[in-house]
Structures are given as C-alpha cells and as structure tokens.
file start.csv (CSV, C-alpha atoms and all ligand atoms)
chain,number,residue,atom,x,y,z
A,210,MET,CA,0.0,0.0,0.0
A,211,LYS,CA,1.0,3.6,-0.5
A,212,SER,CA,1.6,6.2,2.1
A,213,ILE,CA,-1.4,7.5,4.0
A,214,THR,CA,-0.3,11.0,2.7
A,215,GLU,CA,-1.6,9.8,-0.7
A,216,LEU,CA,-5.1,9.2,0.9
A,217,TYR,CA,-5.4,12.5,2.8
A,218,ARG,CA,-5.0,15.1,0.2
A,219,ILE,CA,-5.4,18.8,1.0
A,220,GLY,CA,-7.0,20.7,-1.8
A,221,ARG,CA,-10.0,22.3,-3.4
A,222,GLY,CA,-13.3,20.5,-3.9
A,223,PRO,CA,-15.8,19.5,-5.1
A,224,SER,CA,-14.5,16.2,-6.4
A,225,SER,CA,-11.2,14.3,-5.9
A,226,SER,CA,-11.6,12.2,-9.0
A,227,HIS,CA,-13.3,14.8,-11.2
A,228,THR,CA,-11.4,18.0,-10.2
A,229,MET,CA,-8.2,17.2,-8.1
A,230,GLY,CA,-7.1,14.3,-10.3
A,231,PRO,CA,-7.7,16.0,-13.7
A,232,SER,CA,-6.2,19.2,-12.5
A,233,LYS,CA,-3.0,17.4,-11.3
A,234,ALA,CA,-2.7,15.5,-14.6
A,235,ALA,CA,-3.2,18.8,-16.6
A,236,MET,CA,-0.4,20.5,-14.6
A,237,LEU,CA,2.0,17.6,-15.2
A,238,PHE,CA,1.0,17.6,-18.9
A,239,LYS,CA,1.8,21.2,-19.2
A,240,GLU,CA,5.2,20.7,-17.5
A,241,ALA,CA,5.9,17.8,-19.9
A,242,MET,CA,5.3,20.0,-23.0
A,243,PRO,CA,5.7,23.7,-22.0
A,244,ILE,CA,6.3,24.8,-25.6
A,245,ALA,CA,2.7,23.9,-26.7
A,246,ASP,CA,0.5,26.9,-27.7
A,247,GLU,CA,-2.8,25.0,-27.6
A,248,TYR,CA,-4.3,22.2,-25.7
A,249,LYS,CA,-7.4,19.9,-25.9
A,250,ALA,CA,-8.9,17.6,-23.3
A,251,VAL,CA,-11.5,15.0,-24.1
A,252,LEU,CA,-13.5,13.5,-21.2
A,253,TYR,CA,-15.1,10.1,-21.3
A,254,GLY,CA,-17.4,8.0,-19.1
A,255,SER,CA,-18.3,9.5,-15.7
A,256,LEU,CA,-16.1,12.5,-16.4
A,257,ALA,CA,-18.1,13.3,-19.6
A,258,LEU,CA,-21.5,12.7,-17.9
A,259,THR,CA,-20.9,14.6,-14.7
A,260,GLY,CA,-17.8,16.7,-15.5
A,261,LYS,CA,-19.8,19.9,-15.9
A,262,GLY,CA,-21.4,19.7,-12.5
A,263,HIS,CA,-18.2,18.6,-10.9
A,264,GLN,CA,-16.3,21.4,-12.6
A,265,THR,CA,-13.8,19.1,-14.4
A,266,ASP,CA,-13.6,21.5,-17.4
A,267,LYS,CA,-12.9,24.5,-15.2
A,268,ALA,CA,-10.2,22.6,-13.3
A,269,ILE,CA,-8.4,21.6,-16.5
A,270,ILE,CA,-8.7,25.0,-18.1
A,271,GLU,CA,-7.3,26.6,-14.9
A,272,ALA,CA,-4.3,24.3,-15.2
A,273,LEU,CA,-3.7,24.5,-19.0
A,274,GLY,CA,-4.8,28.0,-19.6
A,275,LYS,CA,-7.3,29.7,-21.9
A,276,ASN,CA,-5.9,28.0,-25.0
A,277,CYS,CA,-7.5,24.8,-23.9
A,278,LYS,CA,-10.8,23.4,-25.1
A,279,VAL,CA,-12.6,20.7,-23.4
A,280,GLU,CA,-14.8,18.1,-25.1
A,281,PHE,CA,-17.3,15.7,-23.5
A,282,ASN,CA,-17.5,12.3,-25.2
A,283,THR,CA,-20.4,10.3,-23.8
A,284,GLU,CA,-20.5,7.8,-26.7
A,285,GLU,CA,-17.2,5.9,-26.1
A,286,GLN,CA,-17.8,2.8,-24.0
A,287,ASN,CA,-14.6,0.8,-24.3
A,288,LEU,CA,-12.7,2.5,-21.5
A,289,LYS,CA,-9.9,1.4,-19.2
A,290,HIS,CA,-11.6,3.1,-16.2
A,291,PRO,CA,-14.9,4.9,-15.8
A,292,ASN,CA,-12.9,8.2,-15.3
A,293,THR,CA,-10.8,8.3,-18.4
A,294,PHE,CA,-9.6,11.4,-20.3
A,295,ARG,CA,-7.2,12.3,-23.0
A,296,LEU,CA,-5.0,15.4,-23.1
A,297,TYR,CA,-3.5,16.7,-26.4
A,298,ALA,CA,-0.9,19.4,-26.8
A,299,TYR,CA,-0.4,21.3,-30.1
A,300,LYS,CA,2.4,23.5,-31.5
A,301,ASP,CA,1.8,25.6,-34.6
A,302,GLY,CA,-1.3,23.4,-35.3
A,303,LYS,CA,0.5,20.1,-35.0
A,304,GLU,CA,-0.1,17.6,-32.3
A,305,VAL,CA,3.1,17.2,-30.2
A,306,LEU,CA,1.9,15.2,-27.2
A,307,GLU,CA,-1.0,12.9,-26.2
A,308,TRP,CA,-1.7,11.3,-22.8
A,309,GLU,CA,-4.4,9.0,-21.8
A,310,VAL,CA,-5.1,9.4,-18.1
A,311,LEU,CA,-7.2,7.5,-15.6
A,312,SER,CA,-8.5,9.4,-12.5
A,313,VAL,CA,-8.7,6.4,-10.2
A,314,GLY,CA,-10.2,8.0,-7.1
A,315,GLY,CA,-9.2,10.1,-4.2
A,316,GLY,CA,-7.2,12.5,-6.5
A,317,ALA,CA,-4.9,9.8,-7.7
A,318,ILE,CA,-4.1,9.4,-11.4
A,319,GLN,CA,-2.5,6.9,-13.7
A,320,ILE,CA,-1.0,8.0,-17.0
A,321,VAL,CA,-1.5,5.1,-19.4
A,322,GLY,CA,1.8,3.6,-20.7
A,323,GLN,CA,3.9,5.4,-18.0
A,324,PRO,CA,5.1,3.9,-14.8
A,325,VAL,CA,3.1,5.1,-11.8
A,326,THR,CA,5.2,7.9,-10.4
A,327,GLU,CA,2.9,9.1,-7.7
A,328,SER,CA,4.6,7.4,-4.8
A,329,GLU,CA,6.2,4.1,-3.7
A,330,GLU,CA,4.4,1.3,-2.1
A,331,VAL,CA,5.5,1.8,1.5
A,332,TYR,CA,3.3,-0.7,3.3
A,333,ARG,CA,4.4,-4.3,2.8
A,334,LEU,CA,1.2,-5.7,4.4
A,335,ASN,CA,-2.0,-5.1,2.5
A,336,THR,CA,-4.9,-6.6,4.4
A,337,PHE,CA,-6.3,-6.0,7.9
A,338,ASP,CA,-5.7,-9.6,8.8
A,339,GLU,CA,-2.0,-9.4,7.9
A,340,ILE,CA,-1.6,-6.1,9.8
A,341,LYS,CA,-3.5,-7.4,12.8
A,342,ALA,CA,-1.3,-10.5,13.0
A,343,TYR,CA,1.8,-8.4,12.7
A,344,CYS,CA,0.6,-6.1,15.5
A,345,TYR,CA,-0.1,-9.0,17.8
A,346,GLU,CA,3.3,-10.6,17.1
A,347,ASN,CA,5.1,-7.3,17.8
A,348,ASP,CA,2.9,-6.1,20.6
A,349,MET,CA,1.9,-2.9,19.0
A,350,THR,CA,-1.2,-0.9,18.4
A,351,LEU,CA,-2.5,0.1,14.9
A,352,SER,CA,-1.3,3.6,15.2
A,353,GLU,CA,2.2,2.4,16.4
A,354,TYR,CA,2.2,0.2,13.3
A,355,VAL,CA,1.5,3.2,11.0
A,356,TYR,CA,4.3,5.2,12.7
A,357,SER,CA,6.7,2.2,12.4
A,358,VAL,CA,6.1,2.2,8.6
A,359,GLU,CA,5.8,6.0,8.2
A,360,PRO,CA,8.0,7.5,11.0
A,361,PHE,CA,7.8,11.0,9.6
A,362,ILE,CA,4.1,11.3,9.0
A,363,LYS,CA,3.0,13.2,12.1
A,364,PRO,CA,3.8,16.7,10.8
A,365,TYR,CA,1.7,15.9,7.7
A,366,LEU,CA,-1.2,14.6,9.9
A,367,LYS,CA,-1.0,17.8,11.8
A,368,ARG,CA,-1.5,19.8,8.6
A,369,VAL,CA,-4.4,17.5,7.7
A,370,TRP,CA,-6.1,18.1,11.1
A,371,LYS,CA,-5.6,21.8,10.8
A,372,ALA,CA,-7.1,21.9,7.3
A,373,MET,CA,-10.1,19.8,8.5
A,374,CYS,CA,-10.7,22.1,11.5
A,375,ASP,CA,-10.3,25.2,9.3
A,376,ALA,CA,-13.0,23.8,7.0
A,377,ILE,CA,-15.3,23.2,10.0
A,378,THR,CA,-14.7,26.7,11.3
A,379,ARG,CA,-15.4,28.4,8.0
A,380,GLY,CA,-18.4,26.1,7.2
A,381,VAL,CA,-20.3,26.7,10.4
A,382,LYS,CA,-20.1,30.5,9.8
A,383,ALA,CA,-21.1,30.5,6.2
A,384,SER,CA,-24.6,31.0,4.9
A,385,GLY,CA,-26.3,31.4,1.5
A,386,VAL,CA,-27.0,29.2,-1.5
A,387,LEU,CA,-24.5,27.0,-3.2
A,388,ASP,CA,-23.6,27.6,-6.9
A,389,GLY,CA,-24.8,25.2,-9.5
A,390,GLY,CA,-28.4,26.0,-10.0
A,391,LEU,CA,-30.0,23.6,-7.6
A,392,GLU,CA,-30.6,26.3,-5.0
A,393,VAL,CA,-29.2,24.2,-2.2
A,394,ALA,CA,-29.0,26.3,0.9
A,395,ARG,CA,-26.1,25.9,3.3
A,396,LYS,CA,-27.3,24.3,6.5
A,397,ALA,CA,-24.3,23.8,8.8
A,398,ARG,CA,-24.8,27.2,10.5
A,399,ARG,CA,-28.4,26.4,11.3
A,400,PHE,CA,-27.4,23.0,12.9
A,401,PHE,CA,-24.7,24.8,14.9
A,402,LEU,CA,-26.9,27.5,16.2
A,403,GLU,CA,-29.7,25.0,17.1
A,404,GLN,CA,-27.4,22.8,19.2
A,405,LYS,CA,-26.3,25.8,21.3
A,406,SER,CA,-29.7,26.2,22.8
A,407,ASP,CA,-30.3,22.5,22.9
A,408,GLU,CA,-30.4,21.0,26.5
A,409,LEU,CA,-31.0,17.4,25.5
A,410,SER,CA,-27.6,15.6,25.3
A,411,GLU,CA,-28.6,13.1,22.6
A,412,THR,CA,-30.0,15.7,20.1
A,413,LYS,CA,-27.2,18.1,21.0
A,414,GLU,CA,-24.6,15.5,20.1
A,415,SER,CA,-26.3,14.7,16.8
A,416,ARG,CA,-26.8,18.3,15.9
A,417,LEU,CA,-23.2,19.2,16.6
A,418,ILE,CA,-21.8,16.3,14.6
A,419,CYS,CA,-24.2,17.1,11.8
A,420,ALA,CA,-23.2,20.8,11.9
A,421,TYR,CA,-19.5,19.8,11.4
A,422,ALA,CA,-20.3,17.2,8.7
A,423,PHE,CA,-22.5,19.7,6.8
A,424,ALA,CA,-19.9,22.4,7.2
A,425,VAL,CA,-17.1,20.5,5.6
A,426,ALA,CA,-19.3,19.0,2.8
A,427,GLU,CA,-20.7,22.4,2.0
A,428,GLU,CA,-17.2,23.9,1.8
A,429,ASN,CA,-16.3,21.1,-0.6
A,430,ALA,CA,-19.4,21.7,-2.7
A,431,ASP,CA,-18.4,25.4,-2.8
A,432,GLY,CA,-14.9,24.5,-4.2
A,433,LYS,CA,-13.1,25.5,-1.0
A,434,VAL,CA,-10.1,23.7,0.6
A,435,ILE,CA,-10.9,20.4,2.3
A,436,VAL,CA,-9.1,17.1,2.9
A,437,THR,CA,-10.0,14.0,1.0
A,438,ALA,CA,-11.1,11.4,3.6
A,439,PRO,CA,-11.0,9.4,1.5
A,440,THR,CA,-12.5,11.6,-1.2
A,441,CYS,CA,-13.9,15.1,-1.6
A,442,GLY,CA,-17.5,14.0,-1.7
A,443,SER,CA,-17.1,12.2,1.6
A,444,CYS,CA,-14.8,14.7,3.2
A,445,GLY,CA,-17.1,15.7,6.1
A,446,VAL,CA,-17.4,12.4,7.9
A,447,VAL,CA,-14.0,11.9,9.5
A,448,PRO,CA,-13.5,15.5,10.7
A,449,SER,CA,-17.0,15.9,12.1
A,450,VAL,CA,-16.8,12.9,14.5
A,451,LEU,CA,-13.2,13.6,15.6
A,452,LYS,CA,-13.8,17.3,16.2
A,453,TYR,CA,-16.9,16.5,18.2
A,454,MET,CA,-15.1,13.9,20.3
A,455,GLN,CA,-12.2,16.2,20.9
A,456,GLU,CA,-14.4,19.0,22.1
A,457,ARG,CA,-16.6,16.8,24.2
A,458,HIS,CA,-13.8,14.7,25.9
A,459,GLY,CA,-10.8,17.0,25.6
A,460,TYR,CA,-8.6,14.6,23.6
A,461,SER,CA,-5.1,16.0,23.0
A,462,GLU,CA,-3.8,16.7,19.5
A,463,GLU,CA,-1.5,13.7,19.8
A,464,LYS,CA,-4.6,11.4,20.3
A,465,ILE,CA,-6.3,13.0,17.3
A,466,LEU,CA,-3.2,12.3,15.2
A,467,ASP,CA,-3.3,8.6,16.3
A,468,ALA,CA,-7.0,8.5,15.3
A,469,LEU,CA,-6.2,10.0,11.9
A,470,ALA,CA,-3.4,7.5,11.4
A,471,VAL,CA,-5.7,4.5,12.1
A,472,ALA,CA,-8.6,6.0,10.0
A,473,GLY,CA,-6.1,6.5,7.2
A,474,LEU,CA,-4.9,2.9,7.5
A,475,ILE,CA,-8.5,1.7,7.2
A,476,GLY,CA,-9.0,3.9,4.1
A,477,ASN,CA,-5.7,2.7,2.6
A,478,ILE,CA,-6.8,-1.0,3.0
A,479,ILE,CA,-10.1,-0.3,1.2
A,480,LYS,CA,-8.2,1.7,-1.5
A,481,GLN,CA,-5.7,-1.1,-2.0
A,482,ASN,CA,-8.1,-4.1,-2.0
A,483,ALA,CA,-11.3,-2.5,-3.4
A,484,SER,CA,-11.9,1.1,-4.4
A,485,ILE,CA,-12.6,4.5,-3.0
A,486,SER,CA,-14.1,5.7,-6.3
A,487,GLY,CA,-17.8,6.4,-6.7
A,488,ALA,CA,-17.4,6.0,-10.5
A,489,GLU,CA,-16.0,2.5,-10.0
A,490,CYS,CA,-18.0,1.1,-7.1
A,491,GLY,CA,-20.8,3.6,-6.2
A,492,CYS,CA,-21.2,5.7,-3.1
A,493,GLN,CA,-20.5,2.8,-0.8
A,494,ALA,CA,-16.8,3.2,-1.9
A,495,GLU,CA,-16.8,6.9,-0.9
A,496,ILE,CA,-19.3,7.4,2.0
A,497,GLY,CA,-19.1,3.8,3.2
A,498,SER,CA,-15.3,4.1,3.3
A,499,ALA,CA,-15.5,7.4,5.1
A,500,CYS,CA,-17.8,5.9,7.7
A,501,SER,CA,-15.4,2.9,8.3
A,502,MET,CA,-12.5,5.3,8.6
A,503,ALA,CA,-14.4,7.6,11.1
A,504,ALA,CA,-15.6,4.6,13.2
A,505,ALA,CA,-12.1,3.2,13.4
A,506,GLY,CA,-10.7,6.7,14.3
A,507,VAL,CA,-13.2,7.2,17.1
A,508,ALA,CA,-12.6,3.7,18.4
A,509,GLN,CA,-8.9,4.4,18.4
A,510,LEU,CA,-9.5,7.7,20.3
A,511,MET,CA,-11.4,5.7,22.9
A,512,ASP,CA,-8.4,3.3,23.3
A,513,MET,CA,-10.3,0.3,22.0
A,514,GLY,CA,-8.4,-2.8,21.1
A,515,ILE,CA,-7.6,-4.0,17.5
A,516,GLU,CA,-10.6,-6.3,17.4
A,517,GLN,CA,-13.0,-3.5,18.4
A,518,ILE,CA,-11.5,-1.1,15.9
A,519,GLU,CA,-11.9,-3.8,13.2
A,520,TYR,CA,-15.5,-4.3,14.2
A,521,ALA,CA,-16.3,-0.6,14.2
A,522,ALA,CA,-14.8,-0.3,10.7
A,523,GLU,CA,-16.6,-3.4,9.5
A,524,VAL,CA,-20.0,-2.1,10.7
A,525,GLY,CA,-19.3,1.3,9.1
A,526,MET,CA,-19.0,-0.3,5.7
A,527,GLU,CA,-21.5,-3.2,6.0
A,528,HIS,CA,-24.5,-1.0,6.3
A,529,HIS,CA,-23.5,1.1,3.3
A,530,LEU,CA,-23.2,-1.9,1.0
A,531,GLY,CA,-25.0,-1.3,-2.3
A,532,LEU,CA,-25.2,2.5,-1.8
A,533,THR,CA,-25.5,4.1,-5.2
A,534,CYS,CA,-23.8,7.2,-6.5
A,535,ASP,CA,-26.4,9.3,-8.2
A,536,PRO,CA,-25.5,13.0,-7.7
A,537,VAL,CA,-28.3,15.2,-9.1
A,538,CYS,CA,-27.1,17.3,-12.1
A,539,GLY,CA,-23.6,15.9,-11.5
A,540,LEU,CA,-23.2,18.4,-8.6
A,541,VAL,CA,-21.7,17.1,-5.3
A,542,GLN,CA,-24.7,18.5,-3.4
A,543,ILE,CA,-27.8,16.2,-3.5
A,544,PRO,CA,-27.5,13.6,-2.0
A,545,CYS,CA,-23.8,14.0,-1.1
A,546,ILE,CA,-23.9,16.7,1.6
A,547,GLU,CA,-26.6,15.2,3.8
A,548,ARG,CA,-25.0,11.8,3.3
A,549,ASN,CA,-21.9,13.0,5.1
A,550,ALA,CA,-23.9,13.8,8.2
A,551,VAL,CA,-25.9,10.5,8.1
A,552,ALA,CA,-22.6,8.5,7.7
A,553,ALA,CA,-21.0,10.4,10.6
A,554,MET,CA,-23.9,9.4,12.9
A,555,MET,CA,-23.6,5.9,11.7
A,556,ALA,CA,-19.9,5.9,12.5
A,557,MET,CA,-20.9,6.8,16.1
A,558,THR,CA,-23.4,3.9,16.2
A,559,ALA,CA,-20.7,1.5,14.8
A,560,VAL,CA,-18.4,2.5,17.7
A,561,ASN,CA,-21.2,2.0,20.1
A,562,PHE,CA,-21.7,-1.5,18.8
A,563,ALA,CA,-17.9,-2.2,19.0
A,564,ASN,CA,-17.9,-1.1,22.6
A,565,PHE,CA,-19.7,-4.3,23.8
A,566,LEU,CA,-20.6,-6.5,20.8
A,567,THR,CA,-17.2,-7.3,19.4
A,568,VAL,CA,-17.1,-10.8,20.9
A,569,THR,CA,-20.2,-11.7,19.0
A,570,ARG,CA,-19.1,-10.6,15.5
A,571,LYS,CA,-19.1,-12.9,12.5
A,572,VAL,CA,-17.7,-10.8,9.6
A,573,SER,CA,-14.2,-9.6,9.3
A,574,PHE,CA,-13.2,-6.2,7.8
A,575,ASP,CA,-11.3,-7.9,4.9
A,576,THR,CA,-14.5,-9.8,4.0
A,577,ILE,CA,-16.6,-6.7,4.0
A,578,VAL,CA,-14.1,-4.8,1.8
A,579,LYS,CA,-14.1,-7.7,-0.7
A,580,THR,CA,-17.9,-7.7,-0.6
A,581,MET,CA,-18.1,-4.0,-1.2
A,582,TYR,CA,-15.8,-4.3,-4.3
A,583,GLU,CA,-17.8,-7.1,-5.8
A,584,THR,CA,-21.1,-5.3,-5.1
A,585,GLY,CA,-19.7,-2.2,-6.7
A,586,LYS,CA,-18.6,-4.0,-9.8
A,587,ASP,CA,-22.2,-5.5,-10.1
A,588,LEU,CA,-23.8,-2.0,-9.9
A,589,PRO,CA,-25.1,-0.9,-13.3
A,590,SER,CA,-23.3,2.2,-14.6
A,591,GLY,CA,-26.3,4.4,-13.9
A,592,TYR,CA,-25.5,4.1,-10.2
A,593,ARG,CA,-21.8,4.8,-10.5
A,594,GLU,CA,-21.4,8.6,-10.8
A,595,THR,CA,-22.9,9.0,-14.2
A,596,SER,CA,-26.0,10.9,-13.1
A,597,THR,CA,-28.1,8.8,-15.4
A,598,GLY,CA,-29.9,6.7,-12.7
A,599,GLY,CA,-31.4,6.8,-9.3
A,600,LEU,CA,-32.1,10.1,-7.7
A,601,ALA,CA,-30.3,12.0,-10.5
A,602,LYS,CA,-32.8,10.5,-13.0
A,603,ASN,CA,-36.0,11.0,-10.9
A,604,TYR,CA,-35.3,14.4,-9.3
A,605,LYS,CA,-37.9,16.8,-10.5
A,606,GLY,CA,-36.8,19.8,-8.5
A,607,LYS,CA,-35.6,23.1,-9.6
A,608,LYS,CA,-32.4,23.4,-11.7
A,609,ASN,CA,-31.6,27.0,-12.8
A,610,SER,CA,-28.9,27.7,-15.2
A,611,PRO,CA,-25.6,27.9,-13.3
B,701,LIG,S1,-23.3,10.3,-4.3
B,701,LIG,FE1,-21.6,9.7,-3.0
B,701,LIG,S2,-20.0,8.9,-4.4
B,701,LIG,FE2,-21.5,10.0,-5.6
B,701,LIG,S3,-20.6,12.1,-5.8
B,701,LIG,FE3,-22.0,12.1,-4.0
B,701,LIG,S4,-20.7,11.6,-2.2
B,701,LIG,FE4,-19.5,11.0,-4.1
call {"tool": "encode", "arguments": {"input": "start.csv", "output": "structure tokens", "more": "lines below"}}
Ligand code: SF4
result
Amino acid sequence: MKSITELYRIGRGPSSSHTMGPSKAAMLFKEAMPIADEYKAVLYGSLALTGKGHQTDKAIIEALGKNCKVEFNTEEQNLKHPNTFRLYAYKDGKEVLEWEVLSVGGGAIQIVGQPVTESEEVYRLNTFDEIKAYCYENDMTLSEYVYSVEPFIKPYLKRVWKAMCDAITRGVKASGVLDGGLEVARKARRFFLEQKSDELSETKESRLICAYAFAVAEENADGKVIVTAPTCGSCGVVPSVLKYMQERHGYSEEKILDALAVAGLIGNIIKQNASISGAECGCQAEIGSACSMAAAGVAQLMDMGIEQIEYAAEVGMEHHLGLTCDPVCGLVQIPCIERNAVAAMMAMTAVNFANFLTVTRKVSFDTIVKTMYETGKDLPSGYRETSTGGLAKNYKGKKNSP
C-alpha cells in the first residue's frame, strides 16, 4: 500500500476524481510540454457525464490556460476506467503530445503507458488480517504500526487536522445558497446555532456532529479547501466525529493524530483491495469508506483494542453496501452533503456496537471490503457517478442555469 499521505490530500473540492485528479494531470501535462501553444482535453465515461457539475472542465482550463478546449464524449464505451480522459498538446497546429489518463479515485491518477510515479508502495502488508497478526506478534497498536512504517508522517497529519478544522470553522459560519443552480442552501450554521440552545444531550450530540459534517461537505461543494477522507464527496465524515469527540472529551492533538493514522490505515486498506471511487463502485466506496474510517478513528480515540477497531470499521462499511452514486445534475450536493452527516452518525453507532458486541461478531473487515468491491462491480453504470440513474434521474426539483 502507498503512504497515507496519498489518501489524505489537502486541496480544493468539489471532487477528488473529477477535479483534483484531472487538475493534477493537466499540470503535469503542461510541465511535460511547456512549448505547446494549444491544448485539448476529451473527457469520457463518468467525467463526460458529470464533468460539468463537478467542474472538471474548469479545473483543466485553470491548469492548462485559456488556449485549452474541453470536449465531452459520452459515446465511447470501451474505457480502461470509468474516469478516463485524454490530453492533447499542439504546437503551430501540429499535435506534439497525447496522454491517456485515468483518474482512479481520491485524487490519484495513472498515465497510461507510463510507470506510476505518484509514490512508492510503503506498506508491505495489504490486508487487515495481515496487519493485525503483525501487531499482535510485535505487541503494537495500529497507530504504532503506522508510525513504524511512516516514521515522519506526524507533521503531515497535523496539517491534515488543521485543514479539517479550518473547513469546519469556515463552514459553520457560512450561509447562502451553493452555486450550480439547484438552489441548495447551506445548513451547517443552522445546525450549529440549534445545538447551542439544545439542552438534550442526545440531540445536541447529533446536531453538533451534523453541523460539522455539513460544514465540511458544504465547503467542498463550494470549491473550498478540504481534505480527501478518503474523497472530496465524503470529506465531512471523519473530521466531524473527531472534532466532536475532541471538544466533548478534551482529547489531545496527539490522540487525534493517532486516530487519523488509524482511520487512514483503514481507508488505505479499502483503496488497496477494493476502491474509493464512486465511479468505480458507487457511493459505498466513498461514503461507506469514510464511515469505516471515522468509526475506526473514534474507536482508536477511545483506546479500544484492535478487534474492536476492526468491528467498528466493518460495521461502518457493512450498512452502506449497495449504496449508489447518483448525484443530481452531476453536482456534489444532493444527496452528497446530507449523506456525510448521516454517515457520521452511523460511525458513532458503529463505535457504540464495537464497545460491547465485538465478541459476537461474525464478519471480518477484509470480508466486507471484498464484498463492497464485488457489489460495486455489479452495480449498473447508472449508479456509478454518471448521473443517469437513481435520484439523478428521478429528481424533479428546480435546476436553474448555473
Ligand atoms: S453520491 Fe456519494 S460517491 Fe457520488 S458524488 Fe456524491 S458523495 Fe460522491
């Protein structure tokens, strides 16, 4: 597996696979052929169908400049990945470079025909069972295992935590309607103000967690800086529960970094053995993965054992199996924003289960990851970030011109 720094990427929303990945590829492409005077990008598959709403064209033009035109090809079916695009560079009207690029999820890219240069494989062990056995043999916790493989990761995790908290702080203060034409109002502030006057501890907890999850997801939808955890669309789940737990119980920053390390390890295992891409495996791969990560992170904060952390992560994914990706009008707003808050609450429930039901569990984390992948591959393409099925197809609400 690769470094956890490849999973938590700090950058602008609204989509890791549709904006961060293409933007990065376009910047590398420009560096590879700086003498070009014109560029063209052709988007295929999910990128062609939802690229407008996800602002893929804007991200590529920002990277390549005004002399770049973007085409959307919804006809081509024979693709290496649902998020495929081609970049062309021209000099004096002649093509001088062509790249085929796959945006494989979480902001990661693969340039077809070129060795993957993103980062090395730093984790020798790839499954939860292997890692668990190693931790038992060496008498270490999961966070200690992460630090043993990545001894210099803590400063990066500190930056991640700061970016997460900054997104929460901005998001709970912001108001107004998000761009895109769906007239989706920001709601984080409302949740935040409601919980202040709330005396009931159970509704106060849920409102505060929801306020934080909405805050980050709304910042993402607005194209502001967030952290992929594991993707942009699912970026509100992990920060909301960790922030709530820190405020409620006074956990130190060191403990939060340990929780981020463990949550990152869980996300990495899913990325390695299945997918974190909505275009590849539906929303279960994004929001389901975020819920698993958040549950594992909170369980780590509460000093639960490895079996309990595994159970929390497994429950977080199990009850998202089959979850479709059907963003209305290709925008990362409906159902994406609310879904972050719902998954955050489910992560808290998963930790609650893990607290006392771990001895009764029947399903391992590795099994649920395999199941998620197979389920995702069986989902028809209308439910994998193409905005041609599900809620995207049936939504009859207002859509103004953006
Ligand atoms: S529905 Fe889920 S997977 Fe699809 S764009 Fe929204 S958050 Fe991402």
call {"tool": "axis_aligned_box", "arguments": {"input": "start.csv", "around": "ligand LIG 701 (chain B)", "padding_each_side": "5 Å", "output": "AutoDock Vina command-line options"}}
result
--center_x -21.4 --center_y 10.5 --center_z -4.0 --size_x 13.8 --size_y 13.2 --size_z 13.6
call {"tool": "residues_near_ligand", "arguments": {"input": "start.csv", "ligand": "ligand LIG 701 (chain B)", "cutoff": "6 Å", "atoms": "all atoms listed in the file", "output": "JSON, numbers by chain"}}
result
{"A": [442, 443, 487, 491, 492, 495, 496, 534, 535, 536, 541, 544, 545, 594]}
call {"tool": "atom_distance", "arguments": {"input": "start.csv", "atom1": "CA of Val524 in chain A", "atom2": "CA of Asn561 in chain A"}}
result
10.3 Å
call {"tool": "closest_residue", "arguments": {"input": "start.csv", "among": "A:Ile543, A:Val507, A:Ala556, A:Ile479", "to": "Met210 in chain A", "atoms": "all atoms listed in the file"}}
result
A:Ile479
call {"tool": "residues_around", "arguments": {"input": "start.csv", "residues": "range 268-275 of chain A", "least_positions_apart": "5", "cutoff": "10 Å", "atoms": "all atoms listed in the file", "output": "ChimeraX atom specification"}}
result
/A:221,227-240,243,246-250,260,263,296,298
call {"tool": "closest_residue", "arguments": {"input": "start.csv", "among": "A:Leu540, A:Gly476, A:Glu527, A:Ile244", "to": "Leu387 in chain A", "atoms": "only C-alpha atoms"}}
result
A:Leu540
call {"tool": "atom_distance", "arguments": {"input": "start.csv", "atom1": "CA of Leu288 in chain A", "atom2": "CA of Cys538 in chain A"}}
result
22.7 Å
call {"tool": "residues_around", "arguments": {"input": "start.csv", "residues": "His529 in chain A", "least_positions_apart": "2", "cutoff": "10 Å", "atoms": "only C-alpha atoms", "output": "list in words"}}
result
Cys492, Gln493, Ala494, Glu495, Ile496, Gly497, Ser498, Cys500, Ser501, Val524, Gly525, Met526, Glu527, Gly531, Leu532, Thr533, Ala552, Met555 and Met581 of chain A
call {"tool": "residues_around", "arguments": {"input": "start.csv", "residues": "Glu547 in chain A", "least_positions_apart": "6", "cutoff": "10 Å", "atoms": "all atoms listed in the file", "output": "list in words"}}
result
Lys396, Cys419, Ala422, Phe423, Ala426, Glu427 and Gly445 of chain A
call {"tool": "write_last_selection", "arguments": {"input": "start.csv", "atoms": "C-alpha atoms", "output": "JSON list (two decimals), in the coordinates of the input"}}
result
[["chain", "number", "residue", "atom", "x", "y", "z"],
["A", 396, "LYS", "CA", -27.30, 24.30, 6.50],
["A", 419, "CYS", "CA", -24.20, 17.10, 11.80],
["A", 422, "ALA", "CA", -20.30, 17.20, 8.70],
["A", 423, "PHE", "CA", -22.50, 19.70, 6.80],
["A", 426, "ALA", "CA", -19.30, 19.00, 2.80],
["A", 427, "GLU", "CA", -20.70, 22.40, 2.00],
["A", 445, "GLY", "CA", -17.10, 15.70, 6.10]]
call {"tool": "build_atoms", "arguments": {"input": "start.csv", "residues": "range 369-380 of chain A", "atoms": "N, CA and C atoms", "output": "compact mmCIF listing (two decimals), in the coordinates of the input"}}
result
# COMPACT_ATOMS: atom_id res chain seq x y z
N VAL A 369 -3.08 18.03 8.09
CA VAL A 369 -4.40 17.50 7.70
C VAL A 369 -5.45 17.91 8.74
N TRP A 370 -5.10 17.75 10.02
CA TRP A 370 -6.10 18.10 11.10
C TRP A 370 -6.38 19.58 11.06
N LYS A 371 -5.37 20.40 10.83
CA LYS A 371 -5.60 21.80 10.80
C LYS A 371 -6.55 22.19 9.62
N ALA A 372 -6.29 21.59 8.45
CA ALA A 372 -7.10 21.90 7.30
C ALA A 372 -8.57 21.40 7.53
N MET A 373 -8.71 20.28 8.22
CA MET A 373 -10.10 19.80 8.50
C MET A 373 -10.78 20.76 9.49
N CYS A 374 -10.06 21.19 10.52
CA CYS A 374 -10.70 22.10 11.50
C CYS A 374 -10.98 23.46 10.85
N ASP A 375 -10.09 23.93 9.98
CA ASP A 375 -10.30 25.20 9.30
C ASP A 375 -11.63 25.13 8.45
N ALA A 376 -11.81 23.98 7.78
CA ALA A 376 -13.00 23.80 7.00
C ALA A 376 -14.27 23.84 7.84
N ILE A 377 -14.18 23.22 9.03
CA ILE A 377 -15.30 23.20 10.00
C ILE A 377 -15.59 24.68 10.41
N THR A 378 -14.53 25.37 10.80
CA THR A 378 -14.70 26.70 11.30
C THR A 378 -15.34 27.65 10.26
N ARG A 379 -14.86 27.56 9.03
CA ARG A 379 -15.40 28.40 8.00
C ARG A 379 -16.88 27.96 7.68
N GLY A 380 -17.07 26.63 7.60
CA GLY A 380 -18.40 26.10 7.20
C GLY A 380 -19.50 26.41 8.14
